[in-house]
Structures are given as structure tokens and as C-alpha cells.
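Source file: my_file-v6.cif. Holds: mmCIF, C-alpha atoms and all ligand atoms.
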```cif
data_entry
loop_
_atom_site.label_atom_id
_atom_site.label_comp_id
_atom_site.auth_asym_id
_atom_site.auth_seq_id
_atom_site.Cartn_x
_atom_site.Cartn_y
_atom_site.Cartn_z
CA MET A 67 51.24 -63.60 -9.52
CA SER A 68 48.65 -65.34 -7.29
CA ARG A 69 44.99 -64.77 -8.12
CA TYR A 70 43.46 -62.36 -5.62
CA LYS A 71 41.03 -64.29 -3.42
CA TYR A 72 39.95 -62.49 -0.32
CA LEU A 73 36.65 -62.76 1.56
CA LEU A 74 35.70 -59.07 1.57
CA GLY A 75 37.08 -58.13 -1.86
CA ASP A 76 38.07 -54.67 -3.10
CA ALA A 77 34.85 -53.29 -4.62
CA ARG A 78 34.03 -49.60 -4.29
CA LEU A 79 31.69 -50.08 -1.30
CA GLU A 80 34.29 -52.12 0.60
CA ALA A 81 36.89 -49.43 -0.12
CA ALA A 82 34.50 -46.79 1.29
CA ARG A 83 33.83 -48.95 4.35
CA LEU A 84 37.58 -49.35 4.95
CA ARG A 85 38.04 -45.57 4.75
CA ALA A 86 35.27 -44.91 7.32
CA GLN A 87 36.63 -47.65 9.57
CA ALA A 88 40.12 -46.18 9.30
CA GLU A 89 38.86 -42.76 10.40
CA LEU A 90 37.56 -44.32 13.59
CA TRP A 91 40.54 -46.57 14.29
CA ASP A 92 43.64 -44.87 12.87
CA PRO A 93 44.30 -42.92 16.11
CA VAL A 94 44.71 -46.27 17.92
CA SER A 95 47.34 -47.33 15.37
CA HIS A 96 49.06 -43.94 15.58
CA ASP A 97 49.37 -44.49 19.34
CA LEU A 98 50.94 -47.88 18.69
CA PHE A 99 53.47 -46.35 16.25
CA ARG A 100 54.30 -43.69 18.86
CA ARG A 101 54.83 -46.30 21.60
CA LEU A 102 57.09 -48.31 19.27
CA GLY A 103 59.08 -45.17 18.46
CA VAL A 104 58.80 -45.63 14.67
CA GLY A 105 61.03 -42.91 13.30
CA HIS A 106 63.40 -41.61 10.68
CA GLY A 107 65.21 -44.25 8.65
CA TRP A 108 63.36 -47.33 9.97
CA LYS A 109 62.93 -50.11 7.43
CA VAL A 110 59.24 -50.96 7.59
CA LEU A 111 57.00 -53.48 5.83
CA GLU A 112 53.23 -53.26 5.97
CA ILE A 113 51.08 -56.27 5.13
CA GLY A 114 47.68 -55.59 3.50
CA PRO A 115 47.51 -51.77 3.64
CA GLY A 116 44.14 -51.74 1.80
CA GLN A 117 43.12 -48.11 1.34
CA GLY A 118 46.51 -47.14 2.76
CA SER A 119 45.92 -44.49 5.44
CA LEU A 120 48.39 -46.17 7.82
CA HIS A 121 50.86 -46.79 5.03
CA LEU A 122 51.02 -43.04 4.39
CA GLU A 123 51.36 -42.42 8.13
CA LEU A 124 54.28 -44.89 8.34
CA ARG A 125 55.97 -43.12 5.42
CA ARG A 126 55.59 -39.78 7.22
CA ARG A 127 57.14 -41.26 10.35
CA VAL A 128 60.16 -42.86 8.65
CA ARG A 129 60.40 -39.90 6.25
CA GLY A 130 60.94 -42.27 3.36
CA PRO A 131 59.49 -45.23 1.49
CA VAL A 132 57.84 -48.19 3.22
CA ASP A 133 57.49 -51.63 1.59
CA CYS A 134 54.19 -53.47 1.40
CA VAL A 135 52.46 -56.68 0.39
CA GLU A 136 49.03 -55.96 -1.11
CA PRO A 137 47.49 -58.66 -3.31
CA SER A 138 44.57 -56.52 -4.49
CA PRO A 139 45.47 -54.83 -7.79
CA VAL A 140 42.82 -52.19 -7.05
CA PHE A 141 44.21 -51.28 -3.62
CA SER A 142 47.83 -51.45 -4.75
CA SER A 143 47.42 -49.20 -7.79
CA ARG A 144 45.53 -46.64 -5.68
CA LEU A 145 48.28 -46.76 -3.07
CA ARG A 146 51.00 -46.32 -5.69
CA ALA A 147 49.24 -43.14 -6.83
CA SER A 148 49.04 -41.78 -3.23
CA CYS A 149 52.71 -42.60 -2.65
CA ARG A 150 53.70 -40.66 -5.77
CA ARG A 151 52.08 -37.57 -4.24
CA ASP A 152 53.77 -37.44 -0.80
CA GLY A 153 57.33 -37.17 -2.07
CA PHE A 154 58.82 -39.93 0.10
CA GLY A 155 59.78 -42.16 -2.85
CA ALA A 156 58.65 -45.57 -4.03
CA GLY A 157 58.83 -48.54 -1.67
CA ARG A 158 58.78 -52.14 -2.85
CA MET A 159 55.22 -53.30 -3.41
CA TRP A 160 54.49 -57.00 -3.86
CA GLU A 161 51.08 -57.66 -5.42
CA THR A 162 50.94 -61.19 -4.04
CA ALA A 163 49.51 -63.10 -1.10
CA LEU A 164 51.90 -62.83 1.84
CA ILE A 165 52.70 -66.54 1.83
CA ASP A 166 53.97 -66.32 -1.80
CA THR A 167 55.96 -63.12 -1.37
CA PRO A 168 59.76 -63.31 -1.77
CA LEU A 169 60.58 -61.10 1.22
CA PRO A 170 64.23 -60.20 1.84
CA ARG A 171 65.93 -61.90 4.80
CA THR A 172 66.92 -60.08 8.02
CA TRP A 173 65.94 -56.72 6.59
CA TYR A 174 63.14 -54.98 8.49
CA ASP A 175 63.04 -53.05 11.77
CA LEU A 176 59.23 -53.33 11.87
CA ILE A 177 56.57 -55.42 10.16
CA PHE A 178 53.04 -54.16 10.72
CA ALA A 179 49.57 -55.53 9.85
CA ARG A 180 46.09 -54.41 10.86
CA TRP A 181 43.04 -56.62 10.15
CA VAL A 182 44.92 -59.03 7.88
CA PHE A 183 45.77 -62.05 10.04
CA LEU A 184 42.08 -62.81 10.69
CA PHE A 185 41.82 -63.81 7.01
CA LEU A 186 44.94 -65.98 6.82
CA PRO A 187 45.01 -69.77 7.03
CA ASP A 188 48.01 -71.13 8.94
CA PRO A 189 48.98 -67.95 10.81
CA LYS A 190 52.05 -69.70 12.24
CA ALA A 191 53.54 -70.26 8.76
CA HIS A 192 52.88 -66.58 7.97
CA LEU A 193 54.54 -65.47 11.21
CA ARG A 194 57.61 -67.63 10.54
CA LYS A 195 57.94 -65.86 7.21
CA LEU A 196 57.83 -62.48 8.93
CA VAL A 197 60.41 -63.53 11.52
CA ARG A 198 62.85 -64.50 8.73
CA ALA A 199 62.39 -61.04 7.18
CA LEU A 200 63.09 -59.19 10.45
CA LYS A 201 66.50 -57.96 11.54
CA PRO A 202 67.67 -59.36 14.87
CA GLY A 203 65.95 -57.10 17.44
CA GLY A 204 63.22 -56.17 14.90
CA LEU A 205 59.53 -55.95 15.76
CA VAL A 206 56.31 -57.53 14.52
CA ALA A 207 53.24 -55.45 15.45
CA ILE A 208 49.82 -56.86 14.59
CA GLN A 209 46.47 -55.29 15.35
CA ASP A 210 43.63 -57.76 15.12
CA TYR A 211 40.37 -58.80 16.71
CA HIS A 212 39.55 -60.73 19.81
CA ARG A 213 35.86 -60.96 18.90
CA ASP A 214 34.49 -62.10 22.29
CA THR A 215 33.39 -58.67 23.54
CA LEU A 216 31.04 -58.05 20.58
CA ALA A 217 27.51 -57.49 21.96
CA MET A 218 24.30 -55.57 21.41
CA ILE A 219 22.38 -54.46 24.47
CA PRO A 220 19.53 -55.40 24.79
CA ARG A 221 20.65 -58.73 23.39
CA PRO A 222 18.59 -59.91 20.39
CA PRO A 223 17.44 -63.58 20.59
CA GLU A 224 19.38 -64.45 17.38
CA TRP A 225 22.67 -63.14 18.74
CA ASP A 226 24.31 -66.50 19.54
CA GLY A 227 23.55 -67.86 16.07
CA PHE A 228 24.86 -64.67 14.52
CA ILE A 229 28.12 -64.88 16.49
CA SER A 230 28.61 -68.50 15.34
CA ALA A 231 27.93 -67.44 11.73
CA ASP A 232 30.51 -64.65 12.06
CA ARG A 233 33.10 -67.23 13.15
CA ALA A 234 32.07 -69.72 10.43
CA PHE A 235 32.26 -67.08 7.69
CA PHE A 236 35.94 -66.37 8.38
CA ALA A 237 36.70 -70.05 8.96
CA SER A 238 35.24 -70.86 5.51
CA GLN A 239 38.53 -69.73 3.95
CA GLY A 240 40.74 -70.88 6.80
CA GLY A 241 40.75 -67.63 8.80
CA ASP A 242 40.01 -66.96 12.47
CA VAL A 243 37.92 -63.89 13.27
CA SER A 244 39.29 -63.93 16.82
CA ILE A 245 42.96 -64.45 15.90
CA GLY A 246 44.14 -61.54 18.10
CA GLY A 247 43.91 -63.52 21.33
CA ARG A 248 45.94 -66.40 19.86
CA LEU A 249 48.79 -64.22 18.65
CA PRO A 250 50.84 -64.08 21.89
CA THR A 251 51.05 -67.90 22.00
CA LEU A 252 51.82 -68.09 18.28
CA TYR A 253 54.55 -65.46 18.66
CA GLY A 254 56.18 -67.66 21.33
CA ARG A 255 56.09 -70.65 18.97
CA VAL A 256 57.95 -68.82 16.19
CA GLY A 257 60.60 -67.40 18.52
CA LEU A 258 59.26 -63.88 19.05
CA LYS A 259 59.38 -62.42 22.54
CA VAL A 260 56.03 -60.79 23.35
CA GLU A 261 56.67 -57.17 24.36
CA GLU A 262 53.15 -55.82 24.59
CA THR A 263 49.47 -56.76 24.34
CA VAL A 264 47.13 -53.77 24.48
CA ALA A 265 43.34 -53.95 24.15
CA THR A 266 40.99 -51.29 22.81
CA ILE A 267 37.21 -51.71 23.03
CA LYS A 268 34.91 -49.11 21.52
CA THR A 269 31.26 -48.80 22.55
CA GLY A 270 28.53 -46.62 21.10
CA ARG A 271 24.86 -45.72 21.08
CA PRO A 272 22.69 -45.29 17.97
CA ASN A 273 23.90 -42.47 15.71
CA SER A 274 27.45 -42.68 17.09
CA ALA A 275 30.43 -43.43 14.85
CA VAL A 276 30.85 -46.80 16.60
CA TRP A 277 27.21 -47.81 15.97
CA ARG A 278 27.55 -46.77 12.32
CA TRP A 279 30.84 -48.66 11.92
CA LEU A 280 29.42 -51.95 13.23
CA SER A 281 26.05 -51.58 11.49
CA TRP A 282 27.67 -50.84 8.14
CA TYR A 283 29.75 -54.00 8.18
CA PHE A 284 27.28 -56.44 9.77
CA LEU A 285 24.05 -55.35 8.02
CA ASP A 286 25.88 -55.44 4.69
CA ILE A 287 27.30 -58.90 5.19
CA MET A 288 24.29 -60.48 6.94
CA HIS A 289 23.01 -62.19 3.74
CA ARG A 290 26.36 -64.00 3.45
CA TYR A 291 26.30 -65.01 7.12
CA ALA A 292 22.82 -66.46 6.47
CA LYS A 293 24.56 -69.23 4.50
CA SER A 294 26.34 -70.47 7.67
CA PRO A 295 24.04 -72.95 9.44
CA PRO A 296 22.54 -73.04 11.99
CA PHE A 297 22.09 -69.30 11.28
CA THR A 298 19.42 -69.08 8.56
CA ALA A 299 18.07 -66.46 6.16
CA ARG A 300 15.07 -66.18 8.48
CA ASP A 301 17.29 -65.53 11.52
CA ALA A 302 19.21 -62.95 9.50
CA ALA A 303 15.98 -61.16 8.50
CA ARG A 304 14.76 -61.14 12.12
CA LEU A 305 18.08 -59.89 13.44
CA ARG A 306 18.14 -57.15 10.80
CA ARG A 307 14.68 -55.96 11.92
CA GLN A 308 15.75 -55.99 15.58
CA TRP A 309 18.98 -54.18 14.71
CA LEU A 310 17.08 -51.42 12.89
CA ALA A 311 14.58 -51.16 15.77
CA ALA A 312 17.46 -50.92 18.28
CA SER A 313 18.96 -48.14 16.13
CA ARG A 314 15.87 -46.03 16.94
CA GLU A 315 16.19 -46.45 20.74
CA LYS A 316 18.54 -43.97 22.33
CA THR A 317 19.33 -46.36 25.22
CA SER A 318 20.57 -49.20 22.96
CA LEU A 319 24.26 -49.95 23.27
CA MET A 320 26.78 -51.66 21.04
CA ILE A 321 30.01 -53.07 22.46
CA GLY A 322 32.54 -53.66 19.71
CA PRO A 323 35.01 -56.50 19.26
CA THR A 324 38.29 -55.94 21.09
CA LEU A 325 41.19 -54.77 18.95
CA LEU A 326 44.41 -56.24 20.31
CA ASP A 327 47.82 -54.75 19.58
CA VAL A 328 50.31 -57.59 19.88
CA VAL A 329 53.98 -56.66 19.62
CA GLY A 330 56.80 -59.20 19.49
CA ARG A 331 60.55 -58.83 19.16
CA LYS A 332 62.99 -61.12 17.33
CA PRO A 333 65.86 -61.91 19.71
CA SER A 334 69.13 -60.14 18.94
CA SER A 335 71.19 -63.30 18.80
C1 LIG B 1 40.21 -55.61 6.13
S1 LIG B 1 41.41 -55.10 4.99
C2 LIG B 1 42.47 -54.12 6.06
C3 LIG B 1 43.16 -53.03 5.32
C4 LIG B 1 44.07 -52.14 6.17
N1 LIG B 1 45.14 -52.92 6.78
C5 LIG B 1 43.29 -51.40 7.22
O1 LIG B 1 43.62 -51.55 8.39
O2 LIG B 1 42.37 -50.66 6.84
C6 LIG B 1 42.42 -56.53 4.69
C7 LIG B 1 43.60 -56.28 3.76
O3 LIG B 1 44.41 -57.47 3.72
C8 LIG B 1 44.73 -57.76 2.38
N2 LIG B 1 44.96 -59.21 2.28
C9 LIG B 1 44.02 -60.18 2.20
N3 LIG B 1 44.60 -61.39 2.09
C10 LIG B 1 45.94 -61.17 2.11
C11 LIG B 1 47.08 -62.03 2.03
N4 LIG B 1 46.94 -63.35 1.91
N5 LIG B 1 48.32 -61.48 2.06
C12 LIG B 1 48.46 -60.12 2.19
N6 LIG B 1 47.41 -59.26 2.28
C13 LIG B 1 46.16 -59.78 2.24
C14 LIG B 1 43.53 -57.26 1.60
O4 LIG B 1 43.81 -57.09 0.23
C15 LIG B 1 43.22 -55.97 2.32
O5 LIG B 1 44.02 -54.93 1.86
#
```
Go ahead and express the file in the form of C-alpha cells.
Amino acid sequence: MSRYKYLLGDARLEAARLRAQAELWDPVSHDLFRRLGVGHGWKVLEIGPGQGSLHLELRRRVRGPVDCVEPSPVFSSRLRASCRRDGFGAGRMWETALIDTPLPRTWYDLIFARWVFLFLPDPKAHLRKLVRALKPGGLVAIQDYHRDTLAMIPRPPEWDGFISADRAFFASQGGDVSIGGRLPTLYGRVGLKVEETVATIKTGRPNSAVWRWLSWYFLDIMHRYAKSPPFTARDAARLRRQWLAASREKTSLMIGPTLLDVVGRKPSS
């Protein structure tokens, strides 16, 4: 089994953050599942289910087990316990990094991942692996960020440095925080036909769920971003003060990163 190395980890606070984030975003994924027509008997694989709210939703839709790849022993054991409770049976669960997982060939109708590809080095190699595991005519559906819309209004002076630090943080382990926008081209390169790209952008004022979602993640991680020059600990401290001041102004506005749904189909022959 590969050692679990993942930027955000699986500590209790991260698990709680994932749950709150899922509450805000799960309806967008449910819409995607509805558009795809995920239904009874589909063979589905989810990559990186984390706290597992969408995994349980996929099981409800196929009315049976769903396979998954989840390298965190904490997340996977919690998910196993939830799956025992819903009565849909045990799916295969690989506790390994996707790249090391011995997936079956030409097996799945749908492979789904939300907020996983932004962490992965060499996304093309990972996509090739998924294509091999799909049946002819099967679908890959990935939801991930196109970060470029992320903004706070009024714009704090440290914003540009902060945005570069955000990119550098994910790049430090080979990921791309804005992978969503590259997926359609990458799909083409691995032989998937792009069927859909749908964007969702959430905006919010102080005290809204969107403001809380973005503040929770970014204020928590700011001290780690401060290690990505040219963004410094001083910039991080200043931005934190401005962020908290903006949170007290009812006219402040946060525009979130775009979530892109990118769906591709493996040709039938
Ligand atoms: C930000 S969380 C997203 C969790 C969940 N998909 C969601 O939407 O709430 C990223 C997930 O990807 C998993 N992950 C990280 N690196 C991975 C890899 N190399 N292969 C498979 N899963 C990975 C993590 O363990 C975690 O469950």
C-alpha cells in the first residue's frame, strides 16, 4: 500500500471542512448526476470520495455498491462504516493512490471525481488509466476548479501575491489548482470525446455560506501559503486583517473559484 501523502490531509478539522463544503456544493454534483442519467445497475467508480456524501448519493442512484479509490485510511474506514448502514452492499475500495490502483479493464459506465485532480501530478497519465477502466461508451465526469474567478471586492493590495501563493502551494506537490480549465484539452489527448463543460460560480457577502466556505479554507491555510515567496508571512498577516475587516462590511463581496464539470465519453469502437 502506498503511504498516504496528500496536501490537505485527513485530520478532524479538514474532515469537518469537507462536510461543510459538501453541504454547499453537493446540489451541483446531484445536478450533474441527473444530467448524466446515473441510474439503476450502472457500474460506477468514484475517485477520492473523502467524507463520502457523493459516494452515498451515487449508491442511492445505482441502487447498489459503487467502487472507490481512497488512499486515506481515515476517510476509507469512515466510508466503509457508512456503506454498511445503507444496505446497498460493499463495493470495492482501494486504499491506494489512483496511479497505483489495479483497476479492472473496460468495466465502468461512469468514473467520477470531485476536487481530486487538482492535487495530482501528471493528470494525463491518471486520465489514461481511467480510460482503460471505462467500458466503450463509458463516461468520465470530473468536477474541479478553474481558479481565475476568485476575487474579493474591494480587492486587498496583497491579493495578487496571495493568488500566486495559492497556485504555488498546489504546484509544490505537482498539482494544478486550476486544472479544471485544462481538462477538455487533456480529455482530447487521451481519446475522450468532450460531451459537456458546465461552469458554476458562487458569490457571497459576509455571513453567507459562500463567505464562510472561502474564509474557512483560506484563513486556515494562510500560514502555509506564507511559505510561498514572494508572498510572505507579513503579507499573510496583512491580508488576514483585511479579510476580517471586510467580513464586518455588509457591502463586501466574495466571488468564488469556478467549479467546472467536464464530461468525456470513451468512443464505442
Ligand atoms: C479535497 S478532498 C475531496 C473529497 C470529495 N471528493 C469531496 O468532493 O468532498 C480530496 C480527496 O482526494 C483524495 N486523494 C488525494 N490524493 C489522491 C490520489 N493520489 N488518488 C486518489 N485519491 C486521492 C483525498 O484522500 C481526499 O479524499
Would you list the contacts of Thr317 in chain A as a ChimeraX atom specification, taking every protein, DNA or RNA residue within 12 Å and counting all atoms listed in the file, but skipping same-chain residues closer than 2 positions in sequence? /A:218-220,270-273,311-315,319-320
Selected residues, C-alpha atoms, written as a PDB file, in the frame of the given file, please.
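Okay, part.pdb is ready:
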```
ATOM      1  CA  MET A 218      24.300 -55.570  21.410  1.00  0.00           C
ATOM      2  CA  ILE A 219      22.380 -54.460  24.470  1.00  0.00           C
ATOM      3  CA  PRO A 220      19.530 -55.400  24.790  1.00  0.00           C
ATOM      4  CA  GLY A 270      28.530 -46.620  21.100  1.00  0.00           C
ATOM      5  CA  ARG A 271      24.860 -45.720  21.080  1.00  0.00           C
ATOM      6  CA  PRO A 272      22.690 -45.290  17.970  1.00  0.00           C
ATOM      7  CA  ASN A 273      23.900 -42.470  15.710  1.00  0.00           C
ATOM      8  CA  ALA A 311      14.580 -51.160  15.770  1.00  0.00           C
ATOM      9  CA  ALA A 312      17.460 -50.920  18.280  1.00  0.00           C
ATOM     10  CA  SER A 313      18.960 -48.140  16.130  1.00  0.00           C
ATOM     11  CA  ARG A 314      15.870 -46.030  16.940  1.00  0.00           C
ATOM     12  CA  GLU A 315      16.190 -46.450  20.740  1.00  0.00           C
ATOM     13  CA  LEU A 319      24.260 -49.950  23.270  1.00  0.00           C
ATOM     14  CA  MET A 320      26.780 -51.660  21.040  1.00  0.00           C
TER      15      MET A 320
END
```
Env. residues ligand LIG 1 (chain B) / 9 Å / all atoms listed in the file / as a PyMOL selection string: chain A and resi 70-76+80-81+84-85+87-88+91-92+95+112-121+134-142+161-167+178-187+209
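CA of Lys109 in chain A is positioned 21.4 Å from CA of Val94 in chain A.
Note that CA of Asp188 in chain A and CA of His289 in chain A are 27.1 Å apart.
Atom pair CA of Leu258 in chain A / CA of Gly330 in chain A: separated by 5.3 Å.
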Would you pick out the contacts of Arg248 in chain A at 10 Å or less, using all atoms listed in the file, so that residues sharing its chain but fewer than 3 positions from it are not included, and give the list as a PyMOL selection string? chain A and resi 189+211-212+242+244-245+251-253+328
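A distance cut-off of 10 Å around (20.1, -52.0, 11.7), counting only C-alpha atoms, selects these protein and nucleic acid residues: Pro272, Trp277, Arg278, Leu280, Ser281, Trp282, Phe284, Leu285, Asp286, Leu305, Arg306, Arg307, Gln308, Trp309, Leu310, Ala311, Ala312, Ser313 and Arg314 of chain A.
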Contacts of range 151-159 of chain A within 8 Å, only C-alpha atoms, excl. fewer than 3 positions in-chain, as a PyMOL selection string: chain A and resi 125-126+129-136+142+146-148
Please, could you write that set of residues out with C-alpha atoms as a PDB file, in the coordinates of the input?
```pdb
ATOM      1  CA  ARG A 125      55.970 -43.120   5.420  1.00  0.00           C
ATOM      2  CA  ARG A 126      55.590 -39.780   7.220  1.00  0.00           C
ATOM      3  CA  ARG A 129      60.400 -39.900   6.250  1.00  0.00           C
ATOM      4  CA  GLY A 130      60.940 -42.270   3.360  1.00  0.00           C
ATOM      5  CA  PRO A 131      59.490 -45.230   1.490  1.00  0.00           C
ATOM      6  CA  VAL A 132      57.840 -48.190   3.220  1.00  0.00           C
ATOM      7  CA  ASP A 133      57.490 -51.630   1.590  1.00  0.00           C
ATOM      8  CA  CYS A 134      54.190 -53.470   1.400  1.00  0.00           C
ATOM      9  CA  VAL A 135      52.460 -56.680   0.390  1.00  0.00           C
ATOM     10  CA  GLU A 136      49.030 -55.960  -1.110  1.00  0.00           C
ATOM     11  CA  SER A 142      47.830 -51.450  -4.750  1.00  0.00           C
ATOM     12  CA  ARG A 146      51.000 -46.320  -5.690  1.00  0.00           C
ATOM     13  CA  ALA A 147      49.240 -43.140  -6.830  1.00  0.00           C
ATOM     14  CA  SER A 148      49.040 -41.780  -3.230  1.00  0.00           C
TER      15      SER A 148
END
```
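With distances taken over all atoms listed in the file, A:Lys195 is the one residue among A:Lys195, A:Arg144, A:Arg150, A:Arg304 lying closest to Leu169 in chain A.
Excluding Phe297 in chain A itself and same-chain residues fewer than 4 positions from it, the residues having an atom within 10 Å of it are Glu224, Trp225, Asp226, Gly227, Phe228, Ile229, Ser230, Ala231, Asp232, Tyr291, Ala292, Lys293, Asp301 and Ala302 of chain A, counting only C-alpha atoms.
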Pick from A:Leu90, A:Ala207, A:Ser238, A:Pro170 nearest to Lys268 in chain A, counting all atoms listed in the file: A:Leu90
Could you put an axis-aligned box around every listed atom of range 195-207 of chain A, padded by 5 Å on each side, and send me its centre and edge lengths in Å to one decimal, as JSON?
```
{"center_x": 60.5, "center_y": -60.7, "center_z": 12.3, "size_x": 24.4, "size_y": 20.4, "size_z": 20.3}
```
For Leu325 in chain A, please output as number ranges by chain all residues within 6 Å (counting all atoms listed in the file; exclusion window: fewer than 6 positions along the same chain). A: 210-211, 265-266
Which of A:Ala77, A:Ala191, A:Leu216, A:Val264 sits closest to Val243 in chain A [using all atoms listed in the file]: A:Leu216
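The smallest atom-to-atom distance between Gly203 in chain A and any of A:Phe235, A:Thr324, A:Pro93, A:Lys332, using all atoms listed in the file, is found for A:Lys332.
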